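Text of entry.pdb (PDB, C-alpha atoms) as supplied:
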```pdb
ATOM      1  CA  MET A   1       2.590  12.876  44.529
ATOM      2  CA  THR A   2       5.437  10.792  43.123
ATOM      3  CA  ASP A   3       8.012  11.161  40.349
ATOM      4  CA  THR A   4       7.944   7.458  39.559
ATOM      5  CA  PRO A   5       6.296   6.952  36.148
ATOM      6  CA  ASP A   6       3.257   4.710  35.992
ATOM      7  CA  PRO A   7       4.343   1.328  34.469
ATOM      8  CA  SER A   8       1.470   1.469  31.993
ATOM      9  CA  ASP A   9       2.598   4.944  30.864
ATOM     10  CA  ARG A  10       6.119   3.647  30.405
ATOM     11  CA  ALA A  11       4.806   0.710  28.361
ATOM     12  CA  ALA A  12       2.800   3.115  26.202
ATOM     13  CA  ASP A  13       5.908   5.271  25.670
ATOM     14  CA  ASP A  14       7.917   2.184  24.719
ATOM     15  CA  ASP A  15       5.242   1.181  22.216
ATOM     16  CA  ARG A  16       5.212   4.722  20.801
ATOM     17  CA  SER A  17       9.001   4.699  20.362
ATOM     18  CA  LEU A  18       8.848   1.351  18.631
ATOM     19  CA  ARG A  19       6.008   2.517  16.401
ATOM     20  CA  ASP A  20       7.934   5.668  15.440
ATOM     21  CA  LEU A  21      10.945   3.574  14.575
ATOM     22  CA  LEU A  22       8.820   1.169  12.559
ATOM     23  CA  ARG A  23       7.098   3.949  10.621
ATOM     24  CA  THR A  24      10.327   5.789   9.912
ATOM     25  CA  ALA A  25      12.000   2.614   8.693
ATOM     26  CA  THR A  26       9.153   1.613   6.390
ATOM     27  CA  ARG A  27       8.093   5.048   5.146
ATOM     28  CA  GLN A  28      10.591   5.540   2.309
ATOM     29  CA  ASP A  29       9.906   2.278   0.516
ATOM     30  CA  ALA A  30       6.194   2.946   0.403
ATOM     31  CA  GLU A  31       6.812   6.482  -0.834
ATOM     32  CA  ARG A  32       8.640   5.018  -3.814
ATOM     33  CA  ALA A  33       5.607   2.962  -4.815
ATOM     34  CA  PRO A  34       5.433   2.297  -8.555
ATOM     35  CA  GLU A  35       2.361   3.156 -10.603
ATOM     36  CA  LEU A  36       0.359  -0.023 -10.827
ATOM     37  CA  LEU A  37      -2.554   0.992 -13.025
ATOM     38  CA  ALA A  38      -1.125   0.173 -16.465
ATOM     39  CA  GLY A  39       0.021  -3.267 -15.314
ATOM     40  CA  VAL A  40      -3.320  -4.009 -13.655
ATOM     41  CA  GLN A  41      -5.217  -2.953 -16.781
ATOM     42  CA  ALA A  42      -2.999  -5.150 -18.953
ATOM     43  CA  ARG A  43      -3.647  -8.180 -16.715
ATOM     44  CA  ILE A  44      -7.396  -7.617 -16.736
ATOM     45  CA  ARG A  45      -7.411  -7.081 -20.510
ATOM     46  CA  LYS A  46      -5.471 -10.300 -21.049
ATOM     47  CA  ARG A  47      -7.486 -12.444 -18.643
ATOM     48  CA  SER A  48     -10.826 -11.110 -19.887
ATOM     49  CA  ARG A  49      -9.616 -11.732 -23.461
ATOM     50  CA  GLY A  50     -10.110  -8.118 -24.354
ATOM     51  CA  ARG A  51     -13.551  -7.691 -22.805
ATOM     52  CA  PHE A  52     -12.251  -5.007 -20.448
ATOM     53  CA  TYR A  53      -9.761  -2.231 -21.092
ATOM     54  CA  ALA A  54      -9.795  -3.040 -24.779
ATOM     55  CA  ASP A  55     -10.036   0.542 -26.006
ATOM     56  CA  GLY A  56      -7.682   3.449 -25.620
ATOM     57  CA  TRP A  57     -10.273   5.655 -23.922
ATOM     58  CA  SER A  58     -10.646   3.504 -20.851
ATOM     59  CA  ARG A  59      -6.905   3.110 -20.409
ATOM     60  CA  ALA A  60      -6.028   6.756 -20.883
ATOM     61  CA  ALA A  61      -4.972   8.728 -17.832
ATOM     62  CA  THR A  62      -6.896  11.792 -18.990
ATOM     63  CA  SER A  63     -10.636  12.165 -19.273
ATOM     64  CA  PRO A  64     -12.268  11.549 -22.708
ATOM     65  CA  ALA A  65     -13.671  15.089 -22.396
ATOM     66  CA  THR A  66     -10.150  16.421 -22.892
ATOM     67  CA  TYR A  67      -9.936  14.680 -26.265
ATOM     68  CA  VAL A  68     -13.400  15.857 -27.325
ATOM     69  CA  ILE A  69     -12.649  19.475 -26.390
ATOM     70  CA  THR A  70      -9.287  19.356 -28.158
ATOM     71  CA  THR A  71     -10.917  17.920 -31.297
ATOM     72  CA  VAL A  72     -13.625  20.615 -31.341
ATOM     73  CA  LEU A  73     -11.035  23.377 -30.878
ATOM     74  CA  VAL A  74      -8.849  22.049 -33.700
ATOM     75  CA  LEU A  75     -11.865  21.807 -36.044
ATOM     76  CA  ALA A  76     -12.897  25.358 -35.135
ATOM     77  CA  LEU A  77      -9.351  26.579 -35.793
ATOM     78  CA  LEU A  78      -9.290  24.834 -39.186
ATOM     79  CA  ALA A  79     -12.631  26.454 -40.077
ATOM     80  CA  VAL A  80     -11.285  29.904 -39.175
ATOM     81  CA  VAL A  81      -8.085  29.342 -41.184
ATOM     82  CA  TYR A  82     -10.148  28.126 -44.134
ATOM     83  CA  ALA A  83     -12.459  31.141 -43.952
ATOM     84  CA  MET A  84      -9.501  33.532 -43.851
ATOM     85  CA  THR A  85      -7.383  31.941 -46.577
ATOM     86  CA  VAL A  86      -9.831  30.704 -49.194
ATOM     87  CA  PRO A  87     -11.332  33.525 -51.375
ATOM     88  CA  GLY A  88     -15.003  33.827 -50.484
ATOM     89  CA  GLY A  89     -14.404  31.832 -47.324
ATOM     90  CA  LEU A  90     -16.999  29.292 -46.337
ATOM     91  CA  ARG A  91     -19.432  30.707 -48.952
ATOM     92  CA  ALA A  92     -17.136  29.701 -51.853
ATOM     93  CA  PRO A  93     -18.651  27.100 -54.229
TER      94      PRO A  93
ATOM     95  CA  MET B   1      -7.454   3.791   5.773
ATOM     96  CA  THR B   2     -10.489   5.828   4.773
ATOM     97  CA  LEU B   3     -10.008   7.295   1.331
ATOM     98  CA  PHE B   4     -13.653   7.830   0.395
ATOM     99  CA  ASP B   5     -16.497   9.003   2.606
ATOM    100  CA  ASP B   6     -19.443   6.608   2.983
ATOM    101  CA  ALA B   7     -21.594   8.121   0.227
ATOM    102  CA  ASN B   8     -18.732   8.318  -2.263
ATOM    103  CA  GLU B   9     -17.615   4.809  -1.411
ATOM    104  CA  GLN B  10     -21.114   3.457  -1.997
ATOM    105  CA  ARG B  11     -21.306   5.188  -5.377
ATOM    106  CA  LEU B  12     -17.869   3.875  -6.274
ATOM    107  CA  VAL B  13     -18.830   0.304  -5.345
ATOM    108  CA  GLU B  14     -21.986   0.563  -7.471
ATOM    109  CA  ARG B  15     -19.912   1.701 -10.444
ATOM    110  CA  LEU B  16     -17.382  -1.070  -9.806
ATOM    111  CA  ARG B  17     -20.175  -3.646  -9.796
ATOM    112  CA  GLN B  18     -21.242  -2.351 -13.193
ATOM    113  CA  ARG B  19     -17.638  -2.942 -14.309
ATOM    114  CA  ASP B  20     -17.097   0.770 -14.911
ATOM    115  CA  GLU B  21     -13.452   0.850 -15.950
ATOM    116  CA  ARG B  22     -13.022   4.502 -14.959
ATOM    117  CA  ALA B  23     -14.293   3.747 -11.462
ATOM    118  CA  PHE B  24     -11.776   0.964 -11.238
ATOM    119  CA  ASN B  25      -9.006   3.321 -12.340
ATOM    120  CA  GLU B  26     -10.025   5.642  -9.478
ATOM    121  CA  LEU B  27      -9.885   2.773  -7.031
ATOM    122  CA  VAL B  28      -6.406   1.702  -8.131
ATOM    123  CA  ARG B  29      -5.031   5.242  -7.957
ATOM    124  CA  ALA B  30      -6.569   5.782  -4.521
ATOM    125  CA  TYR B  31      -5.231   2.578  -2.991
ATOM    126  CA  GLU B  32      -2.076   1.646  -4.911
ATOM    127  CA  ALA B  33       0.438   3.293  -2.576
ATOM    128  CA  ARG B  34      -1.093   1.803   0.575
ATOM    129  CA  VAL B  35      -1.504  -1.648  -0.956
ATOM    130  CA  PHE B  36       2.006  -1.669  -2.398
ATOM    131  CA  GLY B  37       3.463  -0.447   0.911
ATOM    132  CA  LEU B  38       1.739  -3.183   2.900
ATOM    133  CA  VAL B  39       2.735  -5.890   0.422
ATOM    134  CA  LEU B  40       6.325  -4.687   0.395
ATOM    135  CA  ARG B  41       6.529  -4.738   4.189
ATOM    136  CA  MET B  42       4.871  -8.123   4.449
ATOM    137  CA  LEU B  43       7.043  -9.773   1.804
ATOM    138  CA  GLY B  44      10.191  -7.712   2.333
ATOM    139  CA  ARG B  45      10.930  -7.943  -1.385
ATOM    140  CA  ARG B  46      10.356  -5.204  -3.904
ATOM    141  CA  ASP B  47      10.582  -7.529  -6.916
ATOM    142  CA  GLU B  48       7.685  -9.627  -5.633
ATOM    143  CA  ALA B  49       5.725  -6.715  -4.157
ATOM    144  CA  GLU B  50       4.801  -5.063  -7.455
ATOM    145  CA  ASP B  51       3.534  -8.342  -8.876
ATOM    146  CA  VAL B  52       1.433  -9.153  -5.801
ATOM    147  CA  ALA B  53       0.088  -5.592  -5.507
ATOM    148  CA  GLN B  54      -1.100  -5.712  -9.127
ATOM    149  CA  GLU B  55      -2.706  -9.074  -8.463
ATOM    150  CA  VAL B  56      -4.591  -7.589  -5.492
ATOM    151  CA  PHE B  57      -6.392  -5.184  -7.818
ATOM    152  CA  VAL B  58      -7.101  -7.883 -10.383
ATOM    153  CA  GLN B  59      -8.738  -9.915  -7.606
ATOM    154  CA  VAL B  60     -10.708  -6.852  -6.464
ATOM    155  CA  PHE B  61     -11.962  -6.373 -10.039
ATOM    156  CA  LYS B  62     -12.950 -10.044 -10.329
ATOM    157  CA  ALA B  63     -14.557 -10.363  -6.904
ATOM    158  CA  ILE B  64     -16.276  -7.003  -6.419
ATOM    159  CA  ASP B  65     -19.685  -8.711  -6.662
ATOM    160  CA  GLN B  66     -18.794 -10.644  -3.507
ATOM    161  CA  PHE B  67     -18.243  -7.430  -1.536
ATOM    162  CA  ARG B  68     -21.388  -7.211   0.575
ATOM    163  CA  GLY B  69     -20.675  -3.852   2.160
ATOM    164  CA  ASP B  70     -20.594  -5.250   5.714
ATOM    165  CA  SER B  71     -17.177  -3.666   6.158
ATOM    166  CA  LYS B  72     -15.431  -0.688   4.626
ATOM    167  CA  LEU B  73     -14.173  -1.184   1.088
ATOM    168  CA  SER B  74     -10.654  -0.489   2.354
ATOM    169  CA  THR B  75     -10.926  -3.320   4.911
ATOM    170  CA  TRP B  76     -12.009  -5.680   2.158
ATOM    171  CA  VAL B  77      -9.156  -4.583  -0.112
ATOM    172  CA  PHE B  78      -6.714  -5.128   2.764
ATOM    173  CA  ARG B  79      -8.163  -8.588   3.429
ATOM    174  CA  ILE B  80      -7.434  -9.567  -0.172
ATOM    175  CA  THR B  81      -3.964  -8.039   0.172
ATOM    176  CA  VAL B  82      -3.141  -9.988   3.323
ATOM    177  CA  ASN B  83      -4.437 -13.261   1.867
ATOM    178  CA  LEU B  84      -2.408 -12.888  -1.318
ATOM    179  CA  CYS B  85       0.682 -12.023   0.724
ATOM    180  CA  LYS B  86       0.208 -15.152   2.834
ATOM    181  CA  ASN B  87      -0.097 -17.286  -0.293
ATOM    182  CA  ARG B  88       3.000 -15.730  -1.827
ATOM    183  CA  THR B  89       4.968 -16.139   1.402
ATOM    184  CA  LYS B  90       4.082 -19.836   1.480
ATOM    185  CA  TYR B  91       5.030 -20.216  -2.163
ATOM    186  CA  LEU B  92       8.365 -18.455  -1.655
ATOM    187  CA  SER B  93       9.191 -20.439   1.468
ATOM    188  CA  ARG B  94       8.510 -23.671  -0.425
ATOM    189  CA  ARG B  95      11.042 -22.473  -2.973
ATOM    190  CA  HIS B  96      13.437 -21.546  -0.106
ATOM    191  CA  ASP B  97      13.701 -18.206  -1.767
ATOM    192  CA  GLY B  98      14.026 -15.759   1.111
ATOM    193  CA  ALA B  99      16.362 -13.275  -0.536
ATOM    194  CA  HIS B 100      17.211 -10.278   1.606
ATOM    195  CA  GLY B 101      20.516  -9.383   0.020
ATOM    196  CA  GLU B 102      19.845  -5.644  -0.035
ATOM    197  CA  LEU B 103      19.273  -5.622   3.707
ATOM    198  CA  ASP B 104      22.270  -7.792   4.525
ATOM    199  CA  ALA B 105      24.549  -5.316   2.818
ATOM    200  CA  MET B 106      23.281  -2.445   4.923
ATOM    201  CA  GLU B 107      23.128  -4.127   8.304
ATOM    202  CA  ALA B 108      25.649  -2.780  10.781
ATOM    203  CA  HIS B 109      25.581  -1.359  14.262
ATOM    204  CA  ALA B 110      24.363   2.236  14.365
ATOM    205  CA  PRO B 111      22.830   4.410  17.090
ATOM    206  CA  LEU B 112      19.053   4.159  17.295
ATOM    207  CA  ASP B 113      18.245   7.847  17.675
ATOM    208  CA  LEU B 114      19.422   8.427  14.103
ATOM    209  CA  ALA B 115      16.540   6.382  12.768
ATOM    210  CA  LYS B 116      14.020   8.632  14.420
ATOM    211  CA  GLY B 117      15.003  11.610  12.278
ATOM    212  CA  SER B 118      11.395  12.337  11.451
ATOM    213  CA  SER B 119      11.695  15.977  12.469
ATOM    214  CA  VAL B 120      11.419  18.263   9.466
ATOM    215  CA  ALA B 121      13.918  20.645  11.030
ATOM    216  CA  HIS B 122      16.561  17.961  11.338
ATOM    217  CA  VAL B 123      18.910  17.817   8.362
ATOM    218  CA  ALA B 124      21.106  14.749   8.499
ATOM    219  CA  ARG B 125      24.835  14.953   7.818
ATOM    220  CA  PRO B 126      26.017  12.381   5.233
ATOM    221  CA  ASP B 127      27.394  10.090   7.971
ATOM    222  CA  GLU B 128      24.115  10.396   9.919
ATOM    223  CA  GLU B 129      22.136   9.671   6.777
ATOM    224  CA  LEU B 130      24.064   6.452   6.219
ATOM    225  CA  SER B 131      23.524   5.398   9.814
ATOM    226  CA  GLY B 132      19.836   6.212   9.496
ATOM    227  CA  ARG B 133      19.647   3.963   6.467
ATOM    228  CA  GLN B 134      21.471   1.231   8.349
ATOM    229  CA  ILE B 135      18.912   1.464  11.129
ATOM    230  CA  GLU B 136      16.131   1.285   8.571
ATOM    231  CA  ALA B 137      17.732  -1.859   7.180
ATOM    232  CA  ILE B 138      18.008  -3.340  10.680
ATOM    233  CA  VAL B 139      14.343  -2.612  11.417
ATOM    234  CA  GLN B 140      13.258  -3.971   8.040
ATOM    235  CA  ARG B 141      15.332  -7.053   8.676
ATOM    236  CA  ALA B 142      13.715  -7.441  12.098
ATOM    237  CA  ILE B 143      10.253  -7.110  10.519
ATOM    238  CA  ALA B 144      11.169  -9.745   7.941
ATOM    239  CA  GLY B 145      12.372 -12.003  10.751
ATOM    240  CA  LEU B 146       9.013 -11.983  12.546
ATOM    241  CA  GLU B 147       6.670 -14.907  12.102
ATOM    242  CA  PRO B 148       4.247 -14.024   9.269
ATOM    243  CA  ASP B 149       1.185 -14.126  11.555
ATOM    244  CA  PHE B 150       2.821 -11.651  13.927
ATOM    245  CA  ARG B 151       4.226  -9.472  11.167
ATOM    246  CA  GLU B 152       0.838  -8.993   9.508
ATOM    247  CA  VAL B 153      -0.977  -7.755  12.630
ATOM    248  CA  LEU B 154       1.919  -5.536  13.682
ATOM    249  CA  LEU B 155       2.060  -3.829  10.286
ATOM    250  CA  LEU B 156      -1.701  -3.396  10.112
ATOM    251  CA  ARG B 157      -1.744  -1.798  13.560
ATOM    252  CA  ASP B 158       1.480   0.196  13.857
ATOM    253  CA  VAL B 159       2.159   1.163  10.250
ATOM    254  CA  GLU B 160      -1.265   1.183   8.600
ATOM    255  CA  ASP B 161      -2.882   2.525  11.772
ATOM    256  CA  LEU B 162      -5.948   0.279  11.572
ATOM    257  CA  SER B 163      -8.187  -0.386  14.583
ATOM    258  CA  TYR B 164      -8.204  -3.736  16.368
ATOM    259  CA  GLU B 165     -11.700  -4.325  14.978
ATOM    260  CA  GLN B 166     -10.562  -3.737  11.397
ATOM    261  CA  ILE B 167      -7.584  -6.033  11.898
ATOM    262  CA  ALA B 168      -9.889  -8.707  13.297
ATOM    263  CA  GLU B 169     -12.094  -8.366  10.195
ATOM    264  CA  ILE B 170      -9.119  -8.571   7.854
ATOM    265  CA  THR B 171      -7.449 -11.537   9.510
ATOM    266  CA  GLY B 172     -10.581 -13.344  10.689
ATOM    267  CA  LEU B 173      -9.094 -13.579  14.195
ATOM    268  CA  PRO B 174     -10.854 -12.786  17.489
ATOM    269  CA  ASP B 175     -10.044  -9.347  18.967
ATOM    270  CA  GLY B 176      -8.189 -10.907  21.892
ATOM    271  CA  THR B 177      -5.909 -12.892  19.593
ATOM    272  CA  VAL B 178      -5.189  -9.778  17.539
ATOM    273  CA  LYS B 179      -4.184  -7.851  20.667
ATOM    274  CA  SER B 180      -1.989 -10.603  22.059
ATOM    275  CA  ARG B 181      -0.259 -11.132  18.694
ATOM    276  CA  ILE B 182       0.447  -7.413  18.387
ATOM    277  CA  HIS B 183       1.865  -7.373  21.915
ATOM    278  CA  ARG B 184       4.117 -10.339  21.205
ATOM    279  CA  ALA B 185       5.141  -8.996  17.809
ATOM    280  CA  ARG B 186       6.222  -5.709  19.378
ATOM    281  CA  ALA B 187       8.238  -7.567  22.005
ATOM    282  CA  GLN B 188       9.948  -9.697  19.342
ATOM    283  CA  LEU B 189      10.667  -6.695  17.152
ATOM    284  CA  ARG B 190      12.042  -4.650  20.038
ATOM    285  CA  ASP B 191      14.247  -7.537  21.083
ATOM    286  CA  ALA B 192      15.583  -8.069  17.551
ATOM    287  CA  VAL B 193      16.350  -4.380  16.985
ATOM    288  CA  GLU B 194      17.998  -3.964  20.383
ATOM    289  CA  ARG B 195      20.156  -7.030  19.811
ATOM    290  CA  ALA B 196      21.223  -5.774  16.377
ATOM    291  CA  THR B 197      22.007  -2.236  17.529
ATOM    292  CA  GLY B 198      23.182  -2.974  21.059
ATOM    293  CA  GLU B 199      20.951  -0.154  22.329
ATOM    294  CA  LYS B 200      17.653   0.059  24.180
ATOM    295  CA  ILE B 201      14.705   1.554  22.304
ATOM    296  CA  ALA B 202      13.481   4.514  24.350
TER     297      ALA B 202
END
```
For the structure just supplied, provide its representation as structure tokens.
Amino acid sequence: MTDTPDPSDRAADDDRSLRDLLRTATRQDAERAPELLAGVQARIRKRSRGRFYADGWSRAATSPATYVITTVLVLALLAVVYAMTVPGGLRAP
Amino acid sequence: MTLFDDANEQRLVERLRQRDERAFNELVRAYEARVFGLVLRMLGRRDEAEDVAQEVFVQVFKAIDQFRGDSKLSTWVFRITVNLCKNRTKYLSRRHDGAHGELDAMEAHAPLDLAKGSSVAHVARPDEELSGRQIEAIVQRAIAGLEPDFREVLLLRDVEDLSYEQIAEITGLPDGTVKSRIHRARAQLRDAVERATGEKIA
């Protein structure tokens, strides 16, 4: 039994220290990554002459379902308001 | 870098081939931080990195039909990233435009152990924080000073945590060459950091 570290272990430790240093030094910049999607979409739209990403739906961050649900809810709300405020409600001529 | 399991990745690739814009949005969101990080480290310049990272995804969109599925999608995306970085590096060097002003301003001697403040429990004092940032600048400067061929394999291995096989696929180099370049890159980086700080990395 000996206290002398194996040279290969020491080399592995050195590599680990260097890797830790490298990761620590490069971590922050990557964490501050900008959002690229809008710029990428704009480039593709321009180069495809509007064939791709030409409409608002495909570029939107939210799902089209959100817009559909919102539209249905607003229409339902308008119908309820109409029924409550107009005499005779929806049956009025 | 495995962001999708095999089945999900296959479905995503199918949708990408059909030019499904929503699938492409998913791809960009999934990979943008990793791609931008690699580009930034390879070029060492934030102003160029955003432009190149966006171009990576444009190329992915254009060339998705050429992706045969022999490798992981992530490996293919990284191959495009590395190739575009090489092209941009050549272009910038032709223009003699190696600006590293931000790093020059920060570079000064500072003890190495301050840069390893990755422990969550460790809260840096303001003077320690500055020294930590100086070390970061020294390391970034040392990375930028590596030969591009060495820098790319070192970053892919030690920062992106890719296997030797993946790196060989991305760079088109034999495994043995990848390993020897990584070994030499580490030695060069260690030497540069130790010279700049006056301390041994341990």
- Task: Would you kindly return, as a PyMOL selection string, each protein, DNA or RNA residue with an atom no farther than 8 Å from any atom of B:Val52, considering only C-alpha atoms and excluding same-chain residues fewer than 3 positions away?
- Result: chain B and resi 39+48-49+55-56+84-85+88
- Distance of atom CA of B:Leu156 from atom CA of B:Ala23, expressed in Å to one decimal place: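 Atom-to-atom, atom CA of B:Ala23 to atom CA of B:Leu156, that is 26.0 Å.
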Sorted per-residue table, chain B near chain A, closest atoms and distance, 7 Å, all atoms listed in the file, as a tab-separated table:
```
residue	atom	partner	partner_atom	distance
B:Glu21	CA	A:Ser58	CA	6.2
B:Arg22	CA	A:Ser58	CA	6.4
B:Asn25	CA	A:Leu37	CA	6.9
B:Val28	CA	A:Leu37	CA	6.3
B:Glu32	CA	A:Leu36	CA	6.6
B:Ala33	CA	A:Ala33	CA	5.6
B:Phe36	CA	A:Ala33	CA	6.3
B:Gly37	CA	A:Ala30	CA	4.4
B:Gln54	CA	A:Val40	CA	5.3
B:Phe57	CA	A:Val40	CA	6.7
B:Val58	CA	A:Val40	CA	6.3
B:Ala115	CA	A:Leu21	CA	6.5
B:Lys116	CA	A:Leu21	CA	5.9
B:Ser118	CA	A:Thr24	CA	6.8
B:Glu136	CA	A:Ala25	CA	4.3
B:Val139	CA	A:Ala25	CA	6.3
B:Gln140	CA	A:Ala25	CA	6.7
B:Asp158	CA	A:Arg19	CA	5.7
B:Val159	CA	A:Arg23	CA	5.7
B:Arg190	CA	A:Leu18	CA	6.9
B:Ile201	CA	A:Ser17	CA	6.8
B:Ala202	CA	A:Ser17	CA	6.0
```
- Query: In Å, how far is it from atom CA of B:Gly176 to atom CA of B:Gln66?
  - Reply: 27.5 Å
- Provide the atom CA of B:Ile182 to atom CA of B:Ala196 distance in Å, to one decimal place. 20.9 Å
- Who sits within 12 Å of B:Leu162, all atoms listed in the file, same chain under 2 positions skipped, as a list of chain:residue names: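 Residues meeting the cut-off are B:Met1, B:Thr2, B:Lys72, B:Ser74, B:Thr75, B:Phe78, B:Glu152, B:Val153, B:Leu154, B:Leu155, B:Leu156, B:Arg157, B:Asp158, B:Val159, B:Glu160, B:Tyr164, B:Glu165, B:Gln166, B:Ile167, B:Ala168, B:Glu169, B:Ile170, B:Val178.
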- Note on the structure: Between B:Gln59, B:Ser71, B:Ser180, B:Ser131, smallest distance to B:Asn83 by all atoms listed in the file belongs to B:Gln59
